[in-house]
Structure formats: structure tokens, C-alpha cells
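Below is one structure, written out as C-alpha cells, with a few remarks after it.
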Amino acid sequence: MKYLGHLSTDDPLYGYLRDDIVPKLGVKTRSPEFRVYQLPASNHVYLYEDQQSQTRVIGKFFGGLPDLDPEAATRRMEREFNNLTYLRSIGFTGYPHYVARPLGRNANLNKVLMEEFCYGTSLATFILNAIRNSAREALFEKLTALAYFLASLHNRTVHERTVDFTKDSEYFDHILQNLINAGRLGPDEVREFRQLKERWVGQSCMWEDRQVLVHSDVTPPNILFGDGLWVIVIDLERMKSADRVFDLGRVVGELQHFYIQYAGNKWLAEPFIGHFLWEYACHFPDRHAAFASITRRVPFYAGLTLLRIARNGWIGGHYSRRLLDEAGKTLR
């Protein structure tokens with residue numbers, strides 16, 4: 001994170017933090033001094049730390065983003081606040097599963113959502129330590145914890161409705177369009193990816209499971225771990241109803257991406273992927289049947305994740321091409 005300086009007492013946010021936010025954490029201070037740090041994120045996300053009490057809070061601003069008009073920004077702010085509140089209302093407030101506590105939101109202050117700062121070690125750290133330092137056992141343990149969290153999230157929020165795979169198909173097309181706009185896919189490749197997608201659309205298994213709430217952005221920076229089975233989850237802006245394998249495939253694709261990028265071989269991730277999916281399946285009455293069901297569907301969502309990563313501007317052209325090739329193999 002990047003240190004930016006102190007929050008001016010003349011800034012309207014200062015009074016909001018002092019009078020509305022910090023007191024919710026049981027801290028009473030008349031003249032806090034907030035240091036400001038910018039965090040790496042797709043939104044404008046900042047850490048505010050009071051020098052006197054050492055209290056830390058996170059501010060996520062939805063206003064001022066180039067792709068959001070003011071009304072859309074307000075809706076996103078409200079949606080994430082409500083998502084955090086809802087998951088905490090169904091029990092994600094203590095060991096072993098914890099969702100960050102929302103502290104407030106204010107549409108008049110550049111559409112800011114305030115939430116508590118959560119301590120923990122990111123999934124990215126455990127993956128990189130497994131690759132670089134052979135710390136494999138720690139990664140296995142944390143994937144067990146993550147599987148437990150996701151199974152709890154999904155099983156507590158099962159709908160009566162079955163999966164509408166049309167929505168994921170449309171999202172797939174949206175990602176392809178991003179890649180076209182970035183000049184990373186030619187017409188022939190686009191046609192082939194669409195044909196691969198249509199094969200998945202035609203498979204009955206993609207429509208048969210019941211919908212659940214999915215985190216929808218289970219990327220390594222958004223998953224934090226404490227001791228034992230502690231899992232702390234942040235960034236619920238994109239939570240939605242979908243196939244439970246949407247989340248599982250995202251984790252699988254991210255593991256493949258890390259092993260491609262840092263170890264040069266996605267197959268080195270396979271022991272961890274198999275372990276993660278097997279641990280997830282243990283939270284169902286018939287573990288073997290659950291494992292068979294989710295592994296049939298995982299390749300689509302893993303391939304989609306690789307395409308999603310390949311579209312990012314921070315990904316170089318050569319590596320993007322590698323991801324696109326791997327996505328094609330995964331989807332076949």
C-alpha cells in the first residue's frame with residue numbers, strides 16, 4: 001500500500017469518520033489524526049489509520065469511476081453494503097468464517113462504503129510460498145479452510161430455482177468482447193471460443209444444480225486467512241445467485257494462473273486443485289457424487305477465469321496469449 005499523508009480536518013470525510021464510523025468500533029477520540037494509505041484495487045480503496053488509537057478502517061469509493069454514472073455508483077455502494085450485512089446476518093461473524101463488518105455508507109461523500117479493517121494473510125501469499133519456498137502443506141491447509149467456507153456459503157443460501165446458465169453464457173460473451181476490444185483475439189479465435197461455449201450450453205449438467213449465492217470474485221487478494229480454519233472474506237460487490245461451481249472454477253483458474261506465471265506449468269497446480277475440490281465435496285452427504293458433479297462443470301468456469309485474467313491491461317501480450325491458449329485447452 002502507498003502512504004498518501006494525513007486526512008485534513010477540513011475534509012468532510014474527516015467528520016464522518018470521527019463522528020459516525022470510529023465510534024462504532026468502540027473508540028472514543030475527540031481529535032483523531034488519520035493517516036491515509038492507498039490500497040491496490042480496481043476501485044478507489046483507502047486505509048485510514050488513527051495515529052492515537054491505532055484504529056484502522058477501509059473506505060471504498062464508488063464515485064468517480066470512469067465506467068459508472070452516479071446512479072450506478074450508488075447502487076453498487078448499496079449492493080455491497082447489503083451483501084456484507086446479509087452474510088453477517090446468517091452467521092458469518094466469527095470463527096471459522098468471517099465476513100468484513102460494514103460500518104456505514106455515504107452517497108454524499110463520493111459514494112463511500114466504510115468497513116472494518118481485517119487482519120489476515122492472503123491466499124496469494126500461500127500460493128507464492130508454495131511455489132517459491134516449497135511450503136506446500138500450508139497451501140493444502142488453507143485450501144481446506146477455503147473449501148469449508150465456500151461450502152458453508154453455498155449450502156446456507158440454496159435457492160429452489162435451478163441454475164440459469166444463460167447468464168454465465170452471456171458473461172462469457174462479455175469477456176470475449178473485452179478481449180476483442182483489447183486486440184487480443186482475432187475473428188477465427190472468437191468463433192472457436194463461441195463454439196466451445198455452445199458445447200457447454202448444450203450439456204444438461206450446466207443447468208441442473210440449484211442456484212446459490214456465490215462470492216463471484218474469489219481471487220487471492222479477496223481471501224484472507226488466520227490461524228487454523230479462519231477465513232476472512234472481503235469485497236462482496238459482485239455477489240450474485242449462480243452455479244456454486246462459479247466460485248470453485250474461479251479458484252481453480254486462479255491456481256492455474258499462478259502456477260503458469262510463476263512456475264511455468266499449470267499442471268503443478270493439480271494436486272492443490274484436486275485437494276480443494278475433494279475437500280469441498282466432503283460437505284455433502286455423498287462426497288463421491290458431489291465431487292463427480294462439480295468436476296464435470298469446473299472446466300468451463302476455470303477456462304472462463306483464464307479468459308478473464310487474459311483481458312487485463314496489466315497482463316503483457318505474451319503472457320495473455322499463453323492464458324488464452326490454456327483457456328482453449330481447458331474448455332475443450
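Residues are referred to by chain and number: the chain letter is A, B, ... according to the order shown in the C-alpha cells, the number counts from 1 in that chain, and ligands are numbered separately from 1 in the order shown.
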Considering only C-alpha atoms, tabulate each residue of region 119-224 of chain A that lies at most 12 Å from region 37-55 of chain A along with its nearest interatomic pair and the corresponding distance in Å to one decimal; arrange the rows by chain and ascending residue number and present them as a Markdown table.
| residue | atom | partner | partner_atom | distance |
| --- | --- | --- | --- | --- |
| A:Thr219 | CA | A:Ala41 | CA | 11.8 |
| A:Pro221 | CA | A:Ala41 | CA | 9.2 |
| A:Asn222 | CA | A:Ala41 | CA | 10.1 |
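Residues of region 61-184 of chain A assigned to strand (DSSP E) by DSSP on this structure's backbone: Phe61, Thr93, Gly94, His97, Tyr98, Val99, Pro102, Leu103, Gly104, Arg105, Asn106, Val112, Leu113, Met114, Glu115, Glu116, Thr121 and Ser122 of chain A.
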Name the residues in contact with region 305-322 of chain A at a cut-off of 8 Å, using only C-alpha atoms, excluding same-chain residues fewer than 6 positions from it; report them as a ChimeraX atom specification.
-> /A:175-176,178-179,182,184,249-250,253-254,257,261
From the list A:Ile260, A:Leu213, A:Val36, A:Ala281, which residue is nearest Leu236 (chain A) when using only C-alpha atoms?
->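 Nearest to Leu236 (chain A): A:Leu213.
In this model, the gap between CA of Val22 (chain A) and CA of Gly94 (chain A) comes to 20.8 Å.
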Could you give me, as a list in words, the residues within 12 Å of Gly15 (chain A), counting only C-alpha atoms and dropping anything in the same chain fewer than 4 positions from it?
->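 The residues satisfying every condition are Leu7, Ser8, Thr9, Asp10, Asp11, Asp19, Asp20, Ile21, Val22, Pro23, Thr29, Arg30, Ser31, Pro32, Glu33, Phe34 and Leu109 of chain A.
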Atom pair CA of Val57 (chain A) + CA of Met114 (chain A), distance 6.9 Å
Have a look at A:Leu229, A:His6, A:Gly104, A:Glu78 and name the one nearest to Ala145 (chain A); count only C-alpha atoms.
->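 Going through A:Leu229, A:His6, A:Gly104, A:Glu78 one by one, the smallest distance to Ala145 (chain A) is for A:Leu229.
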Please report, as a ChimeraX atom specification, each residue of region 39-97 of chain A to which DSSP assigns alpha helix (DSSP H) when run on this structure's backbone.
-> /A:70-89
Let me see the file: selected residues, N, CA and C atoms, as a PDB file, in the first residue's frame.
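So result.pdb came out as:
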ATOM      1  N   PRO A  70     -23.366   8.329 -11.705  1.00  0.00           N
ATOM      2  CA  PRO A  70     -23.661   8.481 -10.268  1.00  0.00           C
ATOM      3  C   PRO A  70     -24.711   7.505  -9.743  1.00  0.00           C
ATOM      4  N   GLU A  71     -25.764   7.245 -10.513  1.00  0.00           N
ATOM      5  CA  GLU A  71     -26.801   6.328 -10.040  1.00  0.00           C
ATOM      6  C   GLU A  71     -26.269   4.902  -9.935  1.00  0.00           C
ATOM      7  N   ALA A  72     -25.502   4.476 -10.934  1.00  0.00           N
ATOM      8  CA  ALA A  72     -24.921   3.132 -10.895  1.00  0.00           C
ATOM      9  C   ALA A  72     -23.933   3.010  -9.744  1.00  0.00           C
ATOM     10  N   ALA A  73     -23.170   4.065  -9.479  1.00  0.00           N
ATOM     11  CA  ALA A  73     -22.218   4.038  -8.372  1.00  0.00           C
ATOM     12  C   ALA A  73     -22.941   3.892  -7.037  1.00  0.00           C
ATOM     13  N   THR A  74     -24.046   4.608  -6.886  1.00  0.00           N
ATOM     14  CA  THR A  74     -24.834   4.491  -5.650  1.00  0.00           C
ATOM     15  C   THR A  74     -25.386   3.086  -5.486  1.00  0.00           C
ATOM     16  N   ARG A  75     -25.860   2.506  -6.569  1.00  0.00           N
ATOM     17  CA  ARG A  75     -26.402   1.138  -6.494  1.00  0.00           C
ATOM     18  C   ARG A  75     -25.322   0.148  -6.080  1.00  0.00           C
ATOM     19  N   ARG A  76     -24.122   0.298  -6.620  1.00  0.00           N
ATOM     20  CA  ARG A  76     -23.042  -0.623  -6.254  1.00  0.00           C
ATOM     21  C   ARG A  76     -22.652  -0.467  -4.792  1.00  0.00           C
ATOM     22  N   MET A  77     -22.602   0.771  -4.343  1.00  0.00           N
ATOM     23  CA  MET A  77     -22.298   1.022  -2.935  1.00  0.00           C
ATOM     24  C   MET A  77     -23.328   0.345  -2.038  1.00  0.00           C
ATOM     25  N   GLU A  78     -24.600   0.545  -2.349  1.00  0.00           N
ATOM     26  CA  GLU A  78     -25.675  -0.050  -1.556  1.00  0.00           C
ATOM     27  C   GLU A  78     -25.643  -1.574  -1.644  1.00  0.00           C
ATOM     28  N   ARG A  79     -25.358  -2.091  -2.828  1.00  0.00           N
ATOM     29  CA  ARG A  79     -25.359  -3.544  -3.012  1.00  0.00           C
ATOM     30  C   ARG A  79     -24.294  -4.212  -2.160  1.00  0.00           C
ATOM     31  N   GLU A  80     -23.081  -3.639  -2.173  1.00  0.00           N
ATOM     32  CA  GLU A  80     -22.037  -4.277  -1.366  1.00  0.00           C
ATOM     33  C   GLU A  80     -22.333  -4.142   0.121  1.00  0.00           C
ATOM     34  N   PHE A  81     -22.837  -2.995   0.535  1.00  0.00           N
ATOM     35  CA  PHE A  81     -23.209  -2.831   1.944  1.00  0.00           C
ATOM     36  C   PHE A  81     -24.246  -3.879   2.341  1.00  0.00           C
ATOM     37  N   ASN A  82     -25.252  -4.057   1.504  1.00  0.00           N
ATOM     38  CA  ASN A  82     -26.313  -5.028   1.799  1.00  0.00           C
ATOM     39  C   ASN A  82     -25.784  -6.461   1.762  1.00  0.00           C
ATOM     40  N   ASN A  83     -24.879  -6.759   0.841  1.00  0.00           N
ATOM     41  CA  ASN A  83     -24.308  -8.105   0.754  1.00  0.00           C
ATOM     42  C   ASN A  83     -23.523  -8.451   2.016  1.00  0.00           C
ATOM     43  N   LEU A  84     -22.691  -7.518   2.456  1.00  0.00           N
ATOM     44  CA  LEU A  84     -21.928  -7.733   3.685  1.00  0.00           C
ATOM     45  C   LEU A  84     -22.863  -7.923   4.875  1.00  0.00           C
ATOM     46  N   THR A  85     -23.874  -7.072   4.947  1.00  0.00           N
ATOM     47  CA  THR A  85     -24.827  -7.141   6.057  1.00  0.00           C
ATOM     48  C   THR A  85     -25.583  -8.466   6.052  1.00  0.00           C
ATOM     49  N   TYR A  86     -25.987  -8.904   4.873  1.00  0.00           N
ATOM     50  CA  TYR A  86     -26.770 -10.144   4.794  1.00  0.00           C
ATOM     51  C   TYR A  86     -25.944 -11.354   5.225  1.00  0.00           C
ATOM     52  N   LEU A  87     -24.731 -11.485   4.717  1.00  0.00           N
ATOM     53  CA  LEU A  87     -23.926 -12.651   5.076  1.00  0.00           C
ATOM     54  C   LEU A  87     -23.616 -12.665   6.567  1.00  0.00           C
ATOM     55  N   ARG A  88     -23.408 -11.517   7.151  1.00  0.00           N
ATOM     56  CA  ARG A  88     -23.197 -11.479   8.590  1.00  0.00           C
ATOM     57  C   ARG A  88     -24.473 -11.866   9.333  1.00  0.00           C
ATOM     58  N   SER A  89     -25.629 -11.541   8.770  1.00  0.00           N
ATOM     59  CA  SER A  89     -26.896 -11.881   9.431  1.00  0.00           C
ATOM     60  C   SER A  89     -27.170 -13.378   9.437  1.00  0.00           C
TER      61      SER A  89
END
Point-to-point distance in Å for CA of Asp209 (chain A) and CA of Arg161 (chain A) = 8.7 Å
Could you name the residues that touch Gly328 (chain A) at 9 Å or less, counting only C-alpha atoms, but leaving out those on the same chain fewer than 6 positions away, as an mmCIF file with N, CA and C atoms, in the first residue's frame?
data_model
loop_
_atom_site.group_PDB
_atom_site.id
_atom_site.type_symbol
_atom_site.label_atom_id
_atom_site.label_comp_id
_atom_site.auth_asym_id
_atom_site.auth_seq_id
_atom_site.Cartn_x
_atom_site.Cartn_y
_atom_site.Cartn_z
ATOM 1 N N GLU A 192 -14.055 -19.759 -32.553
ATOM 2 C CA GLU A 192 -13.776 -21.035 -31.895
ATOM 3 C C GLU A 192 -14.198 -21.014 -30.430
ATOM 4 N N PHE A 193 -13.915 -19.928 -29.736
ATOM 5 C CA PHE A 193 -14.321 -19.845 -28.330
ATOM 6 C C PHE A 193 -15.842 -19.870 -28.197
ATOM 7 N N LEU A 196 -16.957 -23.411 -28.559
ATOM 8 C CA LEU A 196 -16.680 -24.147 -27.328
ATOM 9 C C LEU A 196 -17.731 -23.832 -26.269
ATOM 10 N N GLY A 303 -11.834 -22.190 -17.353
ATOM 11 C CA GLY A 303 -11.479 -21.574 -18.635
ATOM 12 C C GLY A 303 -11.937 -20.134 -18.709
ATOM 13 N N LEU A 307 -9.684 -16.646 -19.270
ATOM 14 C CA LEU A 307 -10.023 -15.597 -20.242
ATOM 15 C C LEU A 307 -10.157 -14.249 -19.543
#
